[in-house]
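Undergrad: Take a look at work.cif, mmCIF, C-alpha atoms:
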```
data_my_file
loop_
_atom_site.label_atom_id
_atom_site.label_comp_id
_atom_site.auth_asym_id
_atom_site.auth_seq_id
_atom_site.Cartn_x
_atom_site.Cartn_y
_atom_site.Cartn_z
CA MET A 1 -13.89 28.09 12.63
CA LEU A 2 -12.93 24.40 12.20
CA GLU A 3 -11.31 22.61 15.13
CA ILE A 4 -10.16 19.00 14.72
CA THR A 5 -8.75 17.29 17.80
CA GLY A 6 -7.19 13.84 18.03
CA LEU A 7 -8.98 12.59 14.93
CA THR A 8 -8.40 8.89 14.26
CA LYS A 9 -9.95 6.59 11.66
CA VAL A 10 -9.21 2.87 11.83
CA TYR A 11 -10.14 0.42 9.08
CA ALA A 12 -10.04 -3.36 9.01
CA SER A 13 -7.39 -4.24 6.42
CA LYS A 14 -6.81 -7.61 4.76
CA GLN A 15 -3.25 -6.57 3.98
CA LYS A 16 -2.55 -5.78 7.63
CA GLN A 17 -4.44 -8.56 9.38
CA ARG A 18 -1.21 -9.96 10.77
CA PHE A 19 -0.33 -6.63 12.33
CA GLY A 20 -3.75 -5.37 13.38
CA ARG A 21 -6.02 -2.71 11.98
CA GLU A 22 -4.96 0.09 9.65
CA ARG A 23 -5.00 3.72 10.79
CA ALA A 24 -6.07 5.86 7.83
CA VAL A 25 -5.93 8.94 10.07
CA ASP A 26 -3.77 8.86 13.18
CA ARG A 27 -4.56 11.33 15.99
CA VAL A 28 -4.57 14.46 13.83
CA SER A 29 -5.28 17.84 15.39
CA LEU A 30 -5.52 21.08 13.42
CA THR A 31 -7.35 24.39 13.25
CA VAL A 32 -8.73 26.14 10.16
CA GLY A 33 -9.28 29.85 10.72
CA GLN A 34 -12.13 31.96 9.38
CA GLY A 35 -11.51 32.88 5.74
CA GLU A 36 -8.56 30.52 5.29
CA PHE A 37 -7.89 28.41 2.23
CA PHE A 38 -6.57 25.34 4.04
CA THR A 39 -5.19 22.47 1.95
CA LEU A 40 -4.59 18.85 2.93
CA LEU A 41 -1.79 17.73 0.61
CA GLY A 42 -0.24 14.32 0.23
CA PRO A 43 0.12 11.18 -1.89
CA SER A 44 -2.63 8.62 -2.40
CA GLY A 45 -3.46 6.78 0.80
CA CYS A 46 -2.10 9.45 3.16
CA GLY A 47 -5.49 10.05 4.83
CA LYS A 48 -6.35 13.45 3.36
CA THR A 49 -9.66 12.42 1.77
CA THR A 50 -10.66 10.43 4.86
CA MET A 51 -10.09 13.61 6.88
CA LEU A 52 -12.29 15.68 4.58
CA ARG A 53 -15.03 13.02 4.44
CA SER A 54 -14.98 12.84 8.24
CA VAL A 55 -15.57 16.59 8.46
CA GLY A 56 -18.39 16.30 5.91
CA GLY A 57 -20.08 13.44 7.76
CA LEU A 58 -19.46 10.89 5.02
CA GLU A 59 -17.10 8.91 7.29
CA SER A 60 -17.50 8.19 10.99
CA PRO A 61 -14.12 8.56 12.72
CA THR A 62 -13.02 6.10 15.37
CA GLU A 63 -11.93 8.78 17.83
CA GLY A 64 -11.64 12.53 18.17
CA THR A 65 -13.74 15.66 17.86
CA ILE A 66 -14.80 17.92 14.98
CA VAL A 67 -16.20 21.37 15.74
CA VAL A 68 -17.37 23.97 13.19
CA ASP A 69 -18.30 27.46 14.40
CA ASP A 70 -18.56 26.21 18.01
CA ARG A 71 -20.98 23.48 16.91
CA THR A 72 -19.85 19.94 17.68
CA LEU A 73 -20.34 17.74 14.62
CA PHE A 74 -18.50 14.71 15.95
CA CYS A 75 -17.26 13.69 19.38
CA SER A 76 -16.36 10.09 20.15
CA ASP A 77 -16.41 10.66 23.92
CA GLN A 78 -19.92 12.16 23.89
CA GLY A 79 -21.37 9.89 21.19
CA VAL A 80 -22.08 12.82 18.86
CA ASP A 81 -22.10 12.18 15.09
CA VAL A 82 -24.27 14.69 13.21
CA PRO A 83 -25.51 13.26 9.86
CA ALA A 84 -24.01 14.77 6.70
CA ASN A 85 -27.29 16.38 5.61
CA LYS A 86 -27.56 18.22 8.92
CA ARG A 87 -24.04 19.60 8.99
CA HIS A 88 -24.92 22.29 6.42
CA LEU A 89 -21.48 22.25 4.80
CA GLY A 90 -20.79 22.84 1.12
CA MET A 91 -19.13 19.94 -0.71
CA VAL A 92 -17.68 19.56 -4.22
CA PHE A 93 -16.04 16.35 -5.34
CA GLN A 94 -13.94 15.18 -8.25
CA SER A 95 -16.99 13.78 -10.06
CA TYR A 96 -19.06 17.03 -9.65
CA ALA A 97 -22.21 14.90 -9.02
CA ILE A 98 -24.57 17.25 -10.84
CA TRP A 99 -28.08 15.98 -11.63
CA PRO A 100 -28.24 15.32 -15.38
CA HIS A 101 -32.04 15.45 -15.62
CA MET A 102 -32.20 18.97 -14.16
CA SER A 103 -31.48 22.37 -15.63
CA VAL A 104 -28.66 24.57 -14.37
CA PHE A 105 -31.15 26.58 -12.30
CA GLN A 106 -32.75 23.46 -10.81
CA ASN A 107 -29.37 21.99 -9.85
CA VAL A 108 -28.40 25.11 -7.92
CA ALA A 109 -31.85 25.54 -6.37
CA TYR A 110 -32.06 21.97 -5.08
CA PRO A 111 -30.21 22.52 -1.77
CA LEU A 112 -32.63 25.34 -0.93
CA ILE A 113 -35.76 23.24 -1.37
CA SER A 114 -34.71 19.67 -0.55
CA GLY A 115 -35.61 17.85 2.65
CA ARG A 116 -37.06 20.13 5.30
CA ARG A 117 -35.72 23.27 3.68
CA LYS A 118 -38.71 25.19 2.34
CA THR A 119 -37.14 28.41 1.14
CA PRO A 120 -39.76 30.79 -0.34
CA ALA A 121 -39.84 30.73 -4.15
CA ALA A 122 -38.92 34.40 -4.47
CA GLU A 123 -35.85 33.93 -2.27
CA VAL A 124 -34.84 30.81 -4.20
CA LYS A 125 -35.00 32.73 -7.47
CA GLU A 126 -32.98 35.62 -6.04
CA ARG A 127 -30.26 33.52 -4.39
CA VAL A 128 -29.87 31.15 -7.34
CA GLY A 129 -29.69 34.11 -9.72
CA GLU A 130 -27.04 35.85 -7.60
CA THR A 131 -24.96 32.68 -7.29
CA LEU A 132 -25.11 31.92 -11.01
CA GLU A 133 -23.98 35.46 -11.79
CA ILE A 134 -21.05 35.15 -9.39
CA MET A 135 -20.04 31.89 -11.09
CA GLY A 136 -20.41 33.32 -14.60
CA LEU A 137 -23.39 31.09 -15.42
CA GLY A 138 -26.14 33.70 -15.36
CA ASP A 139 -27.01 33.28 -19.05
CA LEU A 140 -27.17 29.48 -18.80
CA ALA A 141 -29.83 29.06 -16.11
CA SER A 142 -32.31 27.27 -18.39
CA ARG A 143 -29.75 25.05 -20.10
CA GLY A 144 -29.53 21.34 -19.31
CA ALA A 145 -26.74 20.52 -16.89
CA THR A 146 -25.16 17.96 -19.22
CA ASP A 147 -25.05 20.50 -22.07
CA LEU A 148 -22.34 22.43 -20.24
CA SER A 149 -18.60 22.13 -20.87
CA GLY A 150 -16.32 20.57 -18.25
CA GLY A 151 -15.35 23.94 -16.82
CA GLN A 152 -18.97 25.09 -16.71
CA GLN A 153 -20.02 21.88 -14.95
CA GLN A 154 -17.33 22.51 -12.36
CA ARG A 155 -18.64 26.04 -11.76
CA LEU A 156 -22.17 24.61 -11.53
CA ALA A 157 -21.07 22.19 -8.81
CA LEU A 158 -19.48 25.10 -6.93
CA ALA A 159 -22.61 27.22 -7.34
CA ARG A 160 -24.75 24.46 -5.85
CA ALA A 161 -22.37 24.15 -2.89
CA LEU A 162 -22.36 27.91 -2.25
CA VAL A 163 -26.00 28.82 -2.76
CA TYR A 164 -27.07 28.18 0.84
CA ARG A 165 -24.02 30.04 2.18
CA PRO A 166 -22.29 27.27 4.14
CA PRO A 167 -19.84 28.19 6.91
CA LEU A 168 -17.27 25.79 5.43
CA LEU A 169 -16.65 24.61 1.85
CA LEU A 170 -15.13 21.14 1.37
CA LEU A 171 -13.37 20.52 -1.95
CA ASP A 172 -12.01 17.05 -2.77
CA GLU A 173 -9.68 17.25 -5.81
CA PRO A 174 -12.32 19.22 -7.77
CA LEU A 175 -9.97 20.18 -10.64
CA SER A 176 -8.39 16.80 -11.39
CA ASN A 177 -10.79 15.97 -14.27
CA LEU A 178 -10.00 19.18 -16.18
CA ASP A 179 -7.34 19.59 -18.85
CA ALA A 180 -4.18 21.53 -17.97
CA LYS A 181 -5.21 24.96 -19.29
CA LEU A 182 -8.71 24.80 -17.85
CA ARG A 183 -7.33 23.58 -14.53
CA GLU A 184 -5.04 26.61 -14.33
CA SER A 185 -7.93 28.92 -15.18
CA MET A 186 -10.16 27.34 -12.52
CA ARG A 187 -7.42 27.68 -9.91
CA LYS A 188 -7.46 31.43 -10.42
CA GLU A 189 -11.26 31.44 -10.39
CA LEU A 190 -11.37 29.57 -7.08
CA ILE A 191 -8.82 31.92 -5.52
CA ARG A 192 -10.85 34.93 -6.68
CA LEU A 193 -14.11 33.52 -5.30
CA GLN A 194 -12.56 32.54 -1.99
CA ARG A 195 -11.14 36.02 -1.46
CA GLU A 196 -14.13 38.01 -2.72
CA LEU A 197 -16.71 35.96 -0.80
CA GLY A 198 -14.56 35.43 2.30
CA LEU A 199 -15.01 31.67 2.07
CA THR A 200 -13.44 29.23 4.50
CA VAL A 201 -12.18 26.31 2.42
CA LEU A 202 -10.87 22.86 3.30
CA TYR A 203 -9.24 21.57 0.11
CA VAL A 204 -7.79 18.15 -0.70
CA THR A 205 -5.25 17.54 -3.45
CA HIS A 206 -2.18 15.48 -4.34
CA ASP A 207 -1.02 18.23 -6.73
CA GLN A 208 1.83 20.21 -5.15
CA ASP A 209 1.58 23.08 -7.66
CA GLU A 210 -2.12 23.42 -6.90
CA ALA A 211 -1.52 23.52 -3.16
CA LEU A 212 1.28 26.09 -3.40
CA ALA A 213 -0.67 28.35 -5.76
CA MET A 214 -4.02 28.39 -3.97
CA SER A 215 -3.54 27.91 -0.25
CA SER A 216 -3.05 30.19 2.70
CA VAL A 217 -2.12 27.17 4.86
CA VAL A 218 -0.94 23.70 3.81
CA ALA A 219 -0.87 20.50 5.87
CA VAL A 220 1.40 17.90 4.26
CA MET A 221 0.20 14.40 5.17
CA SER A 222 1.80 10.96 5.07
CA GLU A 223 0.49 7.68 6.46
CA GLY A 224 -2.36 9.32 8.33
CA ARG A 225 -0.31 12.01 10.04
CA VAL A 226 0.53 15.65 9.39
CA GLU A 227 4.24 15.89 8.57
CA GLN A 228 4.34 19.69 8.37
CA LEU A 229 1.91 22.58 8.70
CA GLY A 230 2.64 26.05 7.36
CA THR A 231 2.26 28.60 4.60
CA PRO A 232 3.12 27.48 1.05
CA ARG A 233 6.40 29.41 1.26
CA GLU A 234 7.35 27.82 4.58
CA ILE A 235 6.55 24.34 3.29
CA TYR A 236 8.59 24.87 0.12
CA GLU A 237 11.58 26.77 1.48
CA LYS A 238 11.87 25.25 4.96
CA PRO A 239 10.72 21.62 4.84
CA THR A 240 11.07 19.96 8.23
CA ASN A 241 12.06 16.51 6.97
CA TRP A 242 13.14 14.52 3.93
CA PHE A 243 9.60 13.45 2.99
CA VAL A 244 8.27 17.02 2.77
CA ALA A 245 11.35 18.27 0.93
CA ASP A 246 11.12 15.46 -1.61
CA PHE A 247 7.33 15.54 -2.04
CA ILE A 248 7.00 19.31 -2.53
CA GLY A 249 8.51 20.36 -5.84
CA SER A 250 11.96 19.16 -6.93
CA ALA A 251 14.96 18.94 -4.64
CA ASN A 252 18.65 18.07 -4.63
CA PHE A 253 19.93 16.21 -1.57
CA MET A 254 23.67 16.30 -0.88
CA GLU A 255 25.61 14.74 1.95
CA GLY A 256 28.11 17.06 3.56
CA GLY A 257 30.07 17.79 6.69
CA ILE A 258 29.60 20.76 9.01
CA VAL A 259 32.71 22.96 9.05
CA GLY A 260 31.49 25.94 11.06
CA ARG A 261 28.64 28.20 12.16
CA GLY A 262 26.80 30.58 9.85
CA GLU A 263 25.91 34.23 10.37
CA ALA A 264 22.43 33.51 11.71
CA ALA A 265 21.84 31.67 14.97
CA ASP A 266 20.32 28.64 13.24
CA GLU A 267 22.82 28.51 10.36
CA VAL A 268 25.74 26.17 9.79
CA VAL A 269 28.35 26.04 7.03
CA VAL A 270 28.48 22.71 5.22
CA GLU A 271 31.10 21.35 2.80
CA THR A 272 29.17 19.89 -0.18
CA PRO A 273 29.81 18.96 -3.83
CA LEU A 274 28.76 22.56 -4.61
CA GLY A 275 31.34 23.99 -2.23
CA ARG A 276 30.71 25.51 1.17
CA LEU A 277 27.05 26.41 1.68
CA ALA A 278 25.20 28.11 4.51
CA ALA A 279 22.20 26.04 5.57
CA THR A 280 19.55 26.50 8.24
CA GLY A 281 19.53 23.86 10.96
CA ASN A 282 15.73 23.39 10.91
CA GLY A 283 15.78 21.24 14.05
CA VAL A 284 18.40 18.82 12.71
CA ASP A 285 21.26 17.97 15.08
CA ALA A 286 24.01 20.21 13.74
CA ALA A 287 27.02 19.37 15.89
CA SER A 288 30.44 20.37 14.57
CA ASP A 289 31.99 17.82 12.15
CA ALA A 290 28.65 15.99 11.87
CA LYS A 291 27.56 14.46 8.58
CA VAL A 292 24.30 15.99 7.39
CA ASN A 293 22.01 16.09 4.36
CA VAL A 294 21.55 19.45 2.64
CA MET A 295 18.55 20.25 0.42
CA VAL A 296 18.90 22.76 -2.44
CA ARG A 297 16.08 23.54 -4.88
CA PRO A 298 17.02 23.20 -8.61
CA GLU A 299 16.13 26.82 -9.41
CA ARG A 300 18.61 28.10 -6.78
CA ILE A 301 21.58 26.80 -8.80
CA ARG A 302 23.03 28.73 -11.75
CA VAL A 303 24.80 27.34 -14.82
CA SER A 304 27.55 29.25 -16.66
CA LEU A 305 29.69 28.59 -19.74
CA GLU A 306 31.97 31.59 -19.19
CA ALA A 307 35.65 30.79 -18.67
CA GLY A 308 36.78 31.43 -15.12
CA SER A 309 33.22 31.61 -13.76
CA ALA A 310 32.91 31.16 -10.01
CA GLY A 311 31.54 27.86 -8.86
CA GLN A 312 32.20 24.16 -9.16
CA GLN A 313 33.01 22.47 -12.45
CA GLY A 314 30.50 19.96 -13.74
CA VAL A 315 29.42 18.06 -16.84
CA VAL A 316 25.94 18.20 -18.37
CA ARG A 317 24.54 14.66 -18.52
CA ASN A 318 21.02 15.48 -19.73
CA ALA A 319 19.08 18.56 -20.90
CA VAL A 320 15.30 18.72 -21.37
CA TYR A 321 13.80 21.80 -23.06
CA GLN A 322 10.40 22.69 -21.53
CA GLY A 323 9.69 26.07 -23.13
CA ASP A 324 10.08 28.45 -20.22
CA VAL A 325 12.76 26.40 -18.51
CA ILE A 326 15.53 23.92 -19.29
CA ASP A 327 15.78 20.97 -16.92
CA TYR A 328 19.39 19.82 -16.56
CA ASP A 329 21.06 16.84 -14.92
CA ILE A 330 24.63 17.94 -14.18
CA GLU A 331 27.32 15.83 -12.53
CA VAL A 332 29.40 17.77 -10.01
CA ARG A 333 32.14 16.07 -7.97
CA GLY A 334 30.41 12.71 -8.19
CA ALA A 335 26.92 14.04 -7.37
CA LEU A 336 24.18 14.19 -10.02
CA LEU A 337 22.24 17.43 -9.52
CA ARG A 338 19.00 18.61 -11.05
CA ILE A 339 19.19 22.25 -12.12
CA LYS A 340 16.46 24.40 -13.68
CA SER A 341 17.66 27.28 -15.83
CA GLY A 342 16.06 29.90 -18.05
CA PRO A 343 15.66 29.18 -21.79
CA ASP A 344 18.29 31.71 -22.90
CA LEU A 345 21.15 29.29 -22.29
CA TYR A 346 20.85 25.80 -23.76
CA VAL A 347 23.81 23.52 -23.08
CA THR A 348 24.10 20.14 -24.78
CA PRO A 349 24.97 16.96 -22.88
CA GLY A 350 28.70 16.40 -22.50
CA THR A 351 29.49 20.10 -22.12
CA GLU A 352 31.61 21.25 -19.18
CA VAL A 353 29.99 24.05 -17.17
CA ALA A 354 30.39 25.96 -13.92
CA VAL A 355 27.58 25.72 -11.37
CA ARG A 356 27.00 27.69 -8.19
CA VAL A 357 24.29 28.38 -5.66
CA THR A 358 23.29 32.03 -6.03
CA ASP A 359 20.62 32.22 -3.34
CA GLN A 360 21.66 30.09 -0.41
CA ARG A 361 18.24 29.01 0.83
CA CYS A 362 19.65 25.63 1.75
CA VAL A 363 18.13 23.48 4.47
CA LEU A 364 19.41 20.59 6.56
CA VAL A 365 16.93 17.73 6.36
CA GLY A 366 16.60 14.70 8.60
CA ASP A 367 14.61 11.53 8.23
#
```
Would you kindly transcribe this structure into structure tokens?
TA:
Amino acid sequence: MLEITGLTKVYASKQKQRFGRERAVDRVSLTVGQGEFFTLLGPSGCGKTTMLRSVGGLESPTEGTIVVDDRTLFCSDQGVDVPANKRHLGMVFQSYAIWPHMSVFQNVAYPLISGRRKTPAAEVKERVGETLEIMGLGDLASRGATDLSGGQQQRLALARALVYRPPLLLLDEPLSNLDAKLRESMRKELIRLQRELGLTVLYVTHDQDEALAMSSVVAVMSEGRVEQLGTPREIYEKPTNWFVADFIGSANFMEGGIVGRGEAADEVVVETPLGRLAATGNGVDAASDAKVNVMVRPERIRVSLEAGSAGQQGVVRNAVYQGDVIDYDIEVRGALLRIKSGPDLYVTPGTEVAVRVTDQRCVLVGD
């Protein structure tokens, strides 16, 4: 569906004049399959939006190729750079960019009648009507675009992007302007639409929760490069390096020494402040007696007040009640660990507790 090969975007940078030009995207290659919800995830300045804008034709890359459905949209070697308005891709941005002087119907109809597109009036009416119904805006066709709520304006922007049935939908942080509850609702709406309509989506966000909840594939980016590519579960449970482990969700990092091999071929046993833990090697050099860093997610650690409980003894240094979870900082053998526990047990700071890893999905992480 979407093939990106060796994509590079170089900018002139005042901050980097002494060292040359700045690479916003650095030789990235990736494939988005038909019907995938593919997310580019990373912090500000990592190159994710430049990637999306390059696919949409709003940026001209320095090098590389971009192919959608076997149609070359950009190729530096062949001098191909199809203009944005001729790529026929759907785009929705953070600002929505709806036309305030038009009605809801007119906004959605515009892509069907603008430029050289001369879609027959009857077909325009039918396709706009169908799209508005899908987006839950069927009763609002005659309303002014600016009379809609924030969530309705977001659905309007999506309707306009979908009405001419693009092969690929580009979404650049489209939910970031919504409040928390509406954002969660729109996440579910987008997932439903993507699955029901079989859409192929390239999505950009800095929000880890959003990426994990919505995506079929995630590419974690940093400094113009893809650090890891995989399913949300792979990215979360088996990060390939420190950056990915630290950027995705919350993580505890503990230094330890390898004391033996685990049951699985890629497992080692590591002595840590939480005792001996089995951890997957994940490509890290795991020679016997080597010093390594082990990553454990906060929700994999359990807290107990019961006398004689198995585990390591620790002291609660901080406890933050968050409704459905309590976020603890607990000191164990000189290491300060973050632990997330259910709301049934609230332990005040200064209390001695026992902590243990109940589900040893621990990972060795390198630089």
Undergrad: With the file shown as input, list the residues that the PyMOL selection byres ((chain A and resi 59) around 12) selects, as a count of residues only.
TA: 28
Undergrad: Which distance in Å separates atom CA of A:Val217 and atom CA of A:Leu229, to one decimal?
TA: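 Between atom CA of A:Val217 and atom CA of A:Leu229 the gap is 7.2 Å.
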Undergrad: Considering all atoms listed in the file, can you say which of A:Gly64, A:Gly42, A:Gly323, A:Gly256 comes closest to A:Lys291?
TA: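 Ranked by minimum distance to A:Lys291, first place goes to A:Gly256.
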Undergrad: At what distance in Å, to one decimal, does atom CA of A:Phe38 lie from atom CA of A:Ser215?
TA: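 The value is 5.8 Å.
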Undergrad: Taking only C-alpha atoms into account, produce a table as a tab-separated table in which each residue of stretch 75-126 of chain A with an atom at most 12 Å from an atom of stretch 174-197 of chain A appears once, together with its shortest atom pair and the distance in Å to one decimal, ordered by chain and rising number.
TA:
```
residue	atom	partner	partner_atom	distance
A:Met91	CA	A:Pro174	CA	9.8
A:Val92	CA	A:Pro174	CA	6.4
A:Phe93	CA	A:Pro174	CA	5.3
A:Gln94	CA	A:Pro174	CA	4.4
A:Ser95	CA	A:Pro174	CA	7.5
A:Tyr96	CA	A:Pro174	CA	7.3
A:Ala97	CA	A:Pro174	CA	10.9
```
Undergrad: Using all atoms listed in the file, pick whichever of A:Val292, A:Val332, A:Val316, A:Val108 has the shortest atom-to-atom distance to A:Glu352.
TA: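 Of A:Val292, A:Val332, A:Val316, A:Val108, the one nearest A:Glu352, counting all atoms listed in the file, is A:Val316.
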Undergrad: Name the residues that the PyMOL selection byres ((chain A and resi 34) around 6) picks from the file above, as a ChimeraX atom specification, using the file's chain letters and numbers.
TA: /A:1,33,35-36,200
Undergrad: Pick from A:Cys75, A:Ala290, A:Pro239, A:Leu40: nearest to A:Ala211, with only C-alpha atoms counted?
TA: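 The shortest atom-to-atom distance to A:Ala211 comes from A:Leu40.
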Undergrad: Nearest to A:Leu158 among A:Glu306, A:Leu170, A:Val357, A:Glu331, with distances taken over all atoms listed in the file: which residue is it?
TA: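 For A:Leu158, the nearest of the given residues is A:Leu170.
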Undergrad: Quick one: of A:Asp172, A:Asp324, A:Asp344, A:Glu22, who's nearest to A:Val201, counting all atoms listed in the file?
TA: A:Asp172
Undergrad: List the spatial neighbours of A:Val303 as a ChimeraX atom specification - criterion: any atom at most 8 Å away, only C-alpha atoms, same-chain residues fewer than 5 positions off excluded.
TA: /A:341,353-356
Undergrad: Grab the atom CA of A:Gly262 to atom CA of A:Arg333 distance for me, in Å with one decimal place.
TA: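 Pair atom CA of A:Gly262 / atom CA of A:Arg333 returns 23.6 Å.
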Undergrad: Go through A:Glu227, A:Glu3, A:Glu255, A:Glu133 and flag the residue nearest A:Leu41, using all atoms listed in the file for the distances.
TA: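 Among the listed residues, A:Glu227 lies closest to A:Leu41.
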Undergrad: Given the PyMOL selection byres ((chain A and resi 166) around 7) and the file above, list the residues it selects as a PyMOL selection string.
TA: chain A and resi 88-90+162+164-165+167-169
Undergrad: Kindly provide, as a ChimeraX atom specification, the polymer residues lying within 10 Å of (30.8, 23.7, -1.1), counting only C-alpha atoms and using the coordinates exactly as they appear in the file.
TA: /A:256-257,269-278,311-312,356-357
Undergrad: Name the residues, using the chain letters and numbers of the file, that sit within 12 Å of (18.4, 16.7, -18.5) when counting all atoms listed in the file, and give them as number ranges by chain.
TA: A: 298, 315-322, 325-331, 336-341, 346-350
Undergrad: Using the structure just given, write a file holding C-alpha atoms for stretch 98-140 of chain A, as a PDB file, in the first residue's frame.
TA:
```pdb
ATOM      1  CA  ILE A  98     -12.765  23.552   8.066  1.00  0.00           C
ATOM      2  CA  TRP A  99     -14.191  26.437   6.026  1.00  0.00           C
ATOM      3  CA  PRO A 100     -16.129  28.684   8.423  1.00  0.00           C
ATOM      4  CA  HIS A 101     -18.240  30.362   5.721  1.00  0.00           C
ATOM      5  CA  MET A 102     -19.626  27.042   4.462  1.00  0.00           C
ATOM      6  CA  SER A 103     -22.278  24.717   5.806  1.00  0.00           C
ATOM      7  CA  VAL A 104     -21.486  21.199   6.973  1.00  0.00           C
ATOM      8  CA  PHE A 105     -22.713  19.812   3.638  1.00  0.00           C
ATOM      9  CA  GLN A 106     -20.656  22.300   1.617  1.00  0.00           C
ATOM     10  CA  ASN A 107     -17.490  21.526   3.584  1.00  0.00           C
ATOM     11  CA  VAL A 108     -17.780  17.813   2.877  1.00  0.00           C
ATOM     12  CA  ALA A 109     -18.815  18.319  -0.754  1.00  0.00           C
ATOM     13  CA  TYR A 110     -15.916  20.626  -1.579  1.00  0.00           C
ATOM     14  CA  PRO A 111     -13.331  17.915  -2.414  1.00  0.00           C
ATOM     15  CA  LEU A 112     -15.780  16.417  -4.923  1.00  0.00           C
ATOM     16  CA  ILE A 113     -16.277  19.634  -6.873  1.00  0.00           C
ATOM     17  CA  SER A 114     -13.041  21.594  -6.447  1.00  0.00           C
ATOM     18  CA  GLY A 115     -10.420  22.003  -9.147  1.00  0.00           C
ATOM     19  CA  ARG A 116     -10.937  19.692 -12.096  1.00  0.00           C
ATOM     20  CA  ARG A 117     -13.219  17.360 -10.185  1.00  0.00           C
ATOM     21  CA  LYS A 118     -16.701  17.773 -11.628  1.00  0.00           C
ATOM     22  CA  THR A 119     -18.656  15.099  -9.819  1.00  0.00           C
ATOM     23  CA  PRO A 120     -22.334  15.050 -10.916  1.00  0.00           C
ATOM     24  CA  ALA A 121     -24.647  16.817  -8.453  1.00  0.00           C
ATOM     25  CA  ALA A 122     -26.672  13.682  -7.741  1.00  0.00           C
ATOM     26  CA  GLU A 123     -23.529  11.719  -6.876  1.00  0.00           C
ATOM     27  CA  VAL A 124     -22.261  14.564  -4.690  1.00  0.00           C
ATOM     28  CA  LYS A 125     -25.516  14.578  -2.746  1.00  0.00           C
ATOM     29  CA  GLU A 126     -25.449  10.800  -2.321  1.00  0.00           C
ATOM     30  CA  ARG A 127     -21.796  10.512  -1.270  1.00  0.00           C
ATOM     31  CA  VAL A 128     -21.914  13.488   1.089  1.00  0.00           C
ATOM     32  CA  GLY A 129     -25.107  12.149   2.655  1.00  0.00           C
ATOM     33  CA  GLU A 130     -23.597   8.687   3.143  1.00  0.00           C
ATOM     34  CA  THR A 131     -20.414  10.106   4.659  1.00  0.00           C
ATOM     35  CA  LEU A 132     -22.265  12.406   7.047  1.00  0.00           C
ATOM     36  CA  GLU A 133     -24.390   9.489   8.231  1.00  0.00           C
ATOM     37  CA  ILE A 134     -21.288   7.372   8.849  1.00  0.00           C
ATOM     38  CA  MET A 135     -19.791  10.226  10.890  1.00  0.00           C
ATOM     39  CA  GLY A 136     -22.993  10.820  12.873  1.00  0.00           C
ATOM     40  CA  LEU A 137     -23.576  14.241  11.294  1.00  0.00           C
ATOM     41  CA  GLY A 138     -26.529  13.387   9.061  1.00  0.00           C
ATOM     42  CA  ASP A 139     -28.930  15.732  10.867  1.00  0.00           C
ATOM     43  CA  LEU A 140     -26.495  18.654  10.775  1.00  0.00           C
TER      44      LEU A 140
END
```
